[in-house]
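Asks: Could you have a look at this structure, given as structure tokens, before my questions?
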Amino acid sequence: MLFLWDHRHRSGLSDWRRGGEGGLPRSQSGRGTCRRRRLPLAAPRRRGAIKGRRGRGGPAAAAGGMAAGGDAAGAEAAALGQRLAAGGQGHVLRFWPELDAAARRALAAELRDMDVAEINRFFRRARGDSGGGAAAAAGLDARMEPVPRDVLGSASRDRGLLPRWESRGLAEIAGNRVAALLLAGGQGTRLGVPYPKGMCDVGLPSRKTLFHLQAQRLRRLQQLAEERHGTPCHIPWYIMTSGRTMESTKEFFLKHRYFGLKKENVIFFQQGMLPALGFDGKILLEEKGKIAMAPDGNGGLYRALGAYGIVDDMERRGVQSVHVYCVDNILVKVADPRFIGFCLEKGADCGAKVVEKTNPTEPVGVVCRVDGVYQVVEYSEISLATAQKRGPDGRLLFNAGNIANHYFTTAFLKDVVNTYEPQLQHHVAEKKIPHVDIATGQLIQPEKPNGIKMEKFVFDIFQFSKKFVVYEVLREDEFSPLKNADSQNGKDNPTTARHALMSLHHCWVLNAGGHFVDENGTRIPAIPRVTNGSSEATPADVNDNLKDANDLPIQCEISPLVSYGGEGLEKYVKDQEFRAPLIIDEDGIHELVKNGM
């Protein structure tokens with residue numbers, strides 16, 4: 001496990017060291033020759049690794065803390081007060097006299113890293129863009145173009161090309177040229193849990209968490225590449241956490257021994273944090289001595305890549321292709337060799353995996369071109385008339401639903417970090433933000449939005465791509481996000497995620513020649529799987545795309561260590577009959593029989 005720190009990115013600062021551990025070495029060119037060896041480590045801070053301008057303050061400044069003595073504390077408080085007041089944020093120290101020494105030190109450390117002038121600029125730009133954006137959106141429909149067929153690959157419409165793309169991807173993996181990058185900064189607040197989303201157990205028979213499933217998919221993929229090419233290989237796993245999830249995520253991986261992965265190939269780093277602001281641009285307090293902070297969005301990835309030297313580490317390892325995805329998709333094909341092979345065949349520097357929209361009003365962003373430039377347009381920005389447009393084949397014209405699943409070359413990411421990241425602008429999300437009332441000191445729980453959180457999105461960099469491609473996959477194969485608790489609106493919750501995975505694995509068993517029987521021993525009939533109202537199975541491959549004729553999924557779970565995408569199951573299930581629940585893992589087949597044993 002590596003914790004990478006490098007705050008010299010475009011700032012001219014040298015590597016900093018802390019606690020006797022060194023930062024990552026690199027040559028003048030930024031390239032190195034790291035070959036499967038453990039690099040020097042540097043311990044990360046607990047909160048907000050990248051606040052304010054890159055290279056200002058930084059971890060070394062935060063390490064010092066605030067002197068306990070009254071004179072020193074007062075002097076620092078005065079200096080902080082002057083800087084905050086100059087930026088119109090002096091109210092942040094309103095309750096300083098009421099804080100004890102520890103709370104003062106914590107608040108001072110938090111403020112010391114905060115570039116108030118930059119935050120104010122972010123606010124002005126973000127609010128200005130949101131105001132002007134409404135007017136610009138009025139003409140957006142006329143400027144939108146759907147994804148052209150020549151940049152589109154499809155798992156359902158290009159079936160004949162899938163083996164070639166998969167072979168190309170596995171060859172890259174076997175050559176140690178592929179990495180996976182997980183966006184895992186989100187807390188499970190909406191799920192009703194106090195820990196990171198990746199630690200969520202959705203109730204599978206195995207009780208595996210999202211982190212566990214993804215780690216095992218990487219292990220299986222390494223095995224497939226090694227079997228195909230005869231050489232050992234590894235897929236580095238870069239995991240971006242936030243200030244609120246870093247420590248618990250690290251502890252979880254340590255507790256589970258990195259789920260069988262080599263710890264030197266699991267690299268944690270941390271996205272930035274920004275303060276929540278009122279509609280007037282004033283920083284909000286979560287407590288009297290604590291700023292209301294929020295992660296800077298999954299688009300904070302690009303600043304973090306530079307601040308932690310992640311791209312440099314990728315270059316040292318020889319990584320050329322990077323798969324970036326979000327933690328909450330239980331069906332995600334981590335480092336998908338078909339997706340990677342497709343992007344390589346097309347010569348792409350940037351690619352987006354998408355699913356077809358289910359209907360015109362589905363609340364999902366659409367990948368398209370606007371003024372000839374690729375971007376994601378939010379569903380709320382598209383008129384109903386445009387959303388309902390259909391092409392000659394009857395499909396929605398703007399149907400490429402974004403699922404935050406992307407391909408980047410390392411070279412493209414390096415260009416983004418070095419050149420384009422400062423051009424990215426924050427998006428504004430109006431939120432109900434609990435905060436301390438400055439006048440009364442009371443905690444306010446607002447009933448309606450009272451402020452904003454600013455964030456960047458991972459897809460904001462599509463506009464800089466020189467060769468952009470889109471890869472369409474079936475929703476039921478690859479996309480079932482976990483966002484809500486079961487008690488909420490019945491969508492994207494643990495139950496739907498669990499059902500999606502069991503349904504997929506159920507199909508795998510059928511397609512490998514297995515059968516399920518009911519409590520009476522009668523076979524449950526299998527039918528061709530239907531997607532968006534039309535069967536995806538052609539007469540030639542109807543037996544390769546089956547499902548059971550049941551509304552609810554049969555309980556069936558297959559370990560990722562046994563099969564990554566449905567391959568290799570014939571030896572377990574062909575011509576066999578099973579009763580649910582069925583579990584197939586590396587120890588064999590586990591089936592519930594009538595007596596419950």
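Just so we're on the same page: first chain in the structure tokens is A, next is B, and so on; residues restart at 1 for each chain, and ligands are numbered from 1 in the order they show up.
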Please identify which residues in region 387-440 of chain A DSSP calls strand (DSSP E or B) from the backbone, and express them as a PyMOL selection string.

Replies: chain A and resi 390+396+400-409+427-431+435-436

Asks: Restricting the calculation to only C-alpha atoms, which member of A:Ala512, A:Ala86, A:Val319, A:Leu161 is positioned closest to Lys574 (chain A)?

Replies: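 Checking each of A:Ala512, A:Ala86, A:Val319, A:Leu161 against Lys574 (chain A), counting only C-alpha atoms, the winner is A:Ala512.
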
Asks: Can you pull out the residues contacting Leu191 (chain A)? Cut-off 7 Å, using only C-alpha atoms, and skip same-chain residues under 3 positions away; I want them as an NGL selection string.

Replies: :A and (188 or 483-485)

Asks: DSSP says alpha helix (DSSP H) for which residues of region 132-354 of chain A? Put them as a PyMOL selection string?

Replies: chain A and resi 132-137+140-143+162-174+210-229+246-255+301-307+310-317+337-346

Asks: Could the residues in this selection be saved with C-alpha atoms as a PDB file, in the first residue's frame?

Replies:
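Dumped to result-v2.pdb:
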```pdb
ATOM      1  CA  GLY A 132     -25.179  32.993 -17.437  1.00  0.00           C
ATOM      2  CA  GLY A 133     -25.589  29.294 -17.979  1.00  0.00           C
ATOM      3  CA  ALA A 134     -29.366  29.493 -17.725  1.00  0.00           C
ATOM      4  CA  ALA A 135     -29.499  31.902 -20.636  1.00  0.00           C
ATOM      5  CA  ALA A 136     -27.030  29.848 -22.628  1.00  0.00           C
ATOM      6  CA  ALA A 137     -29.042  26.679 -21.982  1.00  0.00           C
ATOM      7  CA  LEU A 140     -28.410  24.407 -26.058  1.00  0.00           C
ATOM      8  CA  ASP A 141     -30.790  22.095 -27.915  1.00  0.00           C
ATOM      9  CA  ALA A 142     -29.898  23.574 -31.288  1.00  0.00           C
ATOM     10  CA  ARG A 143     -26.173  23.118 -30.589  1.00  0.00           C
ATOM     11  CA  LEU A 162     -15.706  -8.212 -28.870  1.00  0.00           C
ATOM     12  CA  PRO A 163     -13.189 -11.100 -28.937  1.00  0.00           C
ATOM     13  CA  ARG A 164     -10.638  -8.918 -30.752  1.00  0.00           C
ATOM     14  CA  TRP A 165     -11.100  -6.017 -28.350  1.00  0.00           C
ATOM     15  CA  GLU A 166     -10.873  -8.374 -25.372  1.00  0.00           C
ATOM     16  CA  SER A 167      -7.658  -9.942 -26.671  1.00  0.00           C
ATOM     17  CA  ARG A 168      -6.105  -6.523 -27.165  1.00  0.00           C
ATOM     18  CA  GLY A 169      -7.071  -5.485 -23.655  1.00  0.00           C
ATOM     19  CA  LEU A 170      -5.745  -8.670 -22.051  1.00  0.00           C
ATOM     20  CA  ALA A 171      -2.456  -8.217 -23.895  1.00  0.00           C
ATOM     21  CA  GLU A 172      -2.108  -4.737 -22.389  1.00  0.00           C
ATOM     22  CA  ILE A 173      -2.888  -6.094 -18.937  1.00  0.00           C
ATOM     23  CA  ALA A 174      -0.369  -8.900 -19.385  1.00  0.00           C
ATOM     24  CA  LEU A 210     -18.210  -3.347  -2.964  1.00  0.00           C
ATOM     25  CA  PHE A 211     -14.474  -3.063  -2.247  1.00  0.00           C
ATOM     26  CA  HIS A 212     -14.227  -6.850  -1.898  1.00  0.00           C
ATOM     27  CA  LEU A 213     -16.025  -7.558  -5.184  1.00  0.00           C
ATOM     28  CA  GLN A 214     -13.886  -5.080  -7.125  1.00  0.00           C
ATOM     29  CA  ALA A 215     -10.627  -6.381  -5.666  1.00  0.00           C
ATOM     30  CA  GLN A 216     -11.536  -9.941  -6.625  1.00  0.00           C
ATOM     31  CA  ARG A 217     -12.421  -8.856 -10.160  1.00  0.00           C
ATOM     32  CA  LEU A 218      -8.926  -7.399 -10.484  1.00  0.00           C
ATOM     33  CA  ARG A 219      -7.395 -10.638  -9.212  1.00  0.00           C
ATOM     34  CA  ARG A 220      -9.387 -12.709 -11.701  1.00  0.00           C
ATOM     35  CA  LEU A 221      -8.483 -10.390 -14.560  1.00  0.00           C
ATOM     36  CA  GLN A 222      -4.785 -10.702 -13.720  1.00  0.00           C
ATOM     37  CA  GLN A 223      -5.228 -14.470 -13.735  1.00  0.00           C
ATOM     38  CA  LEU A 224      -6.947 -14.433 -17.150  1.00  0.00           C
ATOM     39  CA  ALA A 225      -4.161 -12.291 -18.642  1.00  0.00           C
ATOM     40  CA  GLU A 226      -1.478 -14.533 -17.166  1.00  0.00           C
ATOM     41  CA  GLU A 227      -3.184 -17.679 -18.497  1.00  0.00           C
ATOM     42  CA  ARG A 228      -3.523 -16.126 -21.956  1.00  0.00           C
ATOM     43  CA  HIS A 229       0.050 -14.811 -22.220  1.00  0.00           C
ATOM     44  CA  MET A 246      -9.215   8.046   3.925  1.00  0.00           C
ATOM     45  CA  GLU A 247      -8.504   6.596   7.365  1.00  0.00           C
ATOM     46  CA  SER A 248     -11.483   4.235   7.487  1.00  0.00           C
ATOM     47  CA  THR A 249     -10.758   3.008   3.940  1.00  0.00           C
ATOM     48  CA  LYS A 250      -7.111   2.319   4.746  1.00  0.00           C
ATOM     49  CA  GLU A 251      -8.062   0.497   7.928  1.00  0.00           C
ATOM     50  CA  PHE A 252     -10.653  -1.596   6.065  1.00  0.00           C
ATOM     51  CA  PHE A 253      -8.136  -2.717   3.442  1.00  0.00           C
ATOM     52  CA  LEU A 254      -5.565  -3.495   6.129  1.00  0.00           C
ATOM     53  CA  LYS A 255      -8.101  -5.498   8.125  1.00  0.00           C
ATOM     54  CA  LEU A 301      -9.243  13.936  -9.291  1.00  0.00           C
ATOM     55  CA  TYR A 302      -7.070  15.951 -11.650  1.00  0.00           C
ATOM     56  CA  ARG A 303      -5.709  18.356  -9.047  1.00  0.00           C
ATOM     57  CA  ALA A 304      -5.091  15.397  -6.733  1.00  0.00           C
ATOM     58  CA  LEU A 305      -3.228  13.477  -9.469  1.00  0.00           C
ATOM     59  CA  GLY A 306      -0.735  16.305  -9.658  1.00  0.00           C
ATOM     60  CA  ALA A 307      -0.511  17.041  -5.954  1.00  0.00           C
ATOM     61  CA  ILE A 310       0.116   9.825  -9.198  1.00  0.00           C
ATOM     62  CA  VAL A 311       0.761  10.340 -12.917  1.00  0.00           C
ATOM     63  CA  ASP A 312       4.497  10.197 -12.226  1.00  0.00           C
ATOM     64  CA  ASP A 313       3.971   6.881 -10.443  1.00  0.00           C
ATOM     65  CA  MET A 314       1.968   5.546 -13.392  1.00  0.00           C
ATOM     66  CA  GLU A 315       4.779   6.479 -15.762  1.00  0.00           C
ATOM     67  CA  ARG A 316       7.358   4.781 -13.551  1.00  0.00           C
ATOM     68  CA  ARG A 317       5.301   1.611 -13.601  1.00  0.00           C
ATOM     69  CA  PRO A 337     -10.350  -5.563 -21.279  1.00  0.00           C
ATOM     70  CA  ARG A 338     -13.000  -5.113 -23.977  1.00  0.00           C
ATOM     71  CA  PHE A 339     -13.397  -1.409 -23.193  1.00  0.00           C
ATOM     72  CA  ILE A 340      -9.629  -0.922 -23.059  1.00  0.00           C
ATOM     73  CA  GLY A 341      -9.106  -2.896 -26.265  1.00  0.00           C
ATOM     74  CA  PHE A 342     -11.806  -0.893 -28.063  1.00  0.00           C
ATOM     75  CA  CYS A 343     -10.220   2.424 -27.023  1.00  0.00           C
ATOM     76  CA  LEU A 344      -6.778   1.234 -28.113  1.00  0.00           C
ATOM     77  CA  GLU A 345      -8.086   0.025 -31.485  1.00  0.00           C
ATOM     78  CA  LYS A 346      -9.613   3.463 -32.040  1.00  0.00           C
TER      79      LYS A 346
END
```

Asks: Would you compute the distance between CA of Val116 (chain A) and CA of Lys414 (chain A)? Give it in Å to one decimal.

Replies: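 So the two atoms, CA of Val116 (chain A) and CA of Lys414 (chain A), lie 27.7 Å apart.
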
Asks: Considering only C-alpha atoms, state which residue in the set A:Thr189, A:Pro205, A:Cys200, A:Asp349 is at the smallest distance from His590 (chain A).

Replies: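 Under the stated criterion, the closest residue is A:Pro205.
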
Asks: Would you mind reading off the distance between CA of Leu582 (chain A) and CA of Asn520 (chain A), one decimal, in Å?

Replies: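 Computing the Euclidean distance for CA of Leu582 (chain A) and CA of Asn520 (chain A) yields 16.6 Å.
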
Asks: Got a sec: who's within 10 Å of region 386-396 of chain A, counting only C-alpha atoms, leaving out chain neighbours fewer than 2 positions off, as a PyMOL selection string?

Replies: chain A and resi 140-142+144+146+356-362+366+379+381-384+398-400+532

Asks: Please compute the CA of Arg124 (chain A)-CA of Asp296 (chain A) distance, one decimal, in Å.

Replies: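 According to the coordinates, CA of Arg124 (chain A) and CA of Asp296 (chain A) are separated by 16.1 Å.
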
Asks: I need the residue nearest Ala155 (chain A) from this list: A:Leu504, A:Leu397, A:Ala180, A:Val470. Use only C-alpha atoms for the distance.

Replies: A:Val470

Asks: Do you know which residues are at most 7 Å from Asn176 (chain A) counting only C-alpha atoms, after dropping those on the same chain fewer than 5 positions away, and could you put them as a list of chain:residue names?

Replies: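 So the residues in contact are A:Cys233, A:His234, A:Ile235, A:Gly318, A:Val319.
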
Asks: If you keep all heavy atoms, can you produce a file of those selected residues as a short mmCIF file (atom, residue, chain, number, x, y, z; two decimals), in the first residue's frame?

Replies:
```
data_model
loop_
_atom_site.label_atom_id
_atom_site.label_comp_id
_atom_site.auth_asym_id
_atom_site.auth_seq_id
_atom_site.Cartn_x
_atom_site.Cartn_y
_atom_site.Cartn_z
N CYS A 233 1.55 -10.80 -14.09
CA CYS A 233 1.26 -9.39 -14.31
C CYS A 233 0.50 -8.84 -13.12
O CYS A 233 0.05 -9.59 -12.24
CB CYS A 233 0.46 -9.19 -15.60
SG CYS A 233 -1.18 -9.96 -15.58
N HIS A 234 0.35 -7.54 -13.07
CA HIS A 234 -0.44 -6.91 -12.02
C HIS A 234 -1.12 -5.66 -12.57
O HIS A 234 -0.65 -5.06 -13.53
CB HIS A 234 0.41 -6.57 -10.80
CG HIS A 234 1.51 -5.60 -11.10
ND1 HIS A 234 2.80 -5.99 -11.40
CD2 HIS A 234 1.51 -4.24 -11.16
CE1 HIS A 234 3.54 -4.92 -11.63
NE2 HIS A 234 2.79 -3.85 -11.50
N ILE A 235 -2.22 -5.31 -11.96
CA ILE A 235 -2.97 -4.10 -12.32
C ILE A 235 -2.92 -3.17 -11.12
O ILE A 235 -3.60 -3.42 -10.12
CB ILE A 235 -4.44 -4.42 -12.67
CG1 ILE A 235 -4.51 -5.46 -13.80
CG2 ILE A 235 -5.20 -3.15 -13.05
CD1 ILE A 235 -5.92 -5.99 -14.05
N GLY A 318 5.13 2.07 -15.99
CA GLY A 318 4.90 1.72 -17.38
C GLY A 318 3.43 1.68 -17.77
O GLY A 318 3.08 1.15 -18.84
N VAL A 319 2.55 2.24 -16.95
CA VAL A 319 1.12 2.25 -17.25
C VAL A 319 0.83 3.21 -18.39
O VAL A 319 1.29 4.35 -18.39
CB VAL A 319 0.32 2.67 -15.99
CG1 VAL A 319 -1.15 2.92 -16.35
CG2 VAL A 319 0.44 1.61 -14.90
#
```

Asks: Pick from A:Ala85, A:Ala348, A:Val469, A:Ile283: nearest to Gly153 (chain A), with only C-alpha atoms counted?

Replies: A:Val469
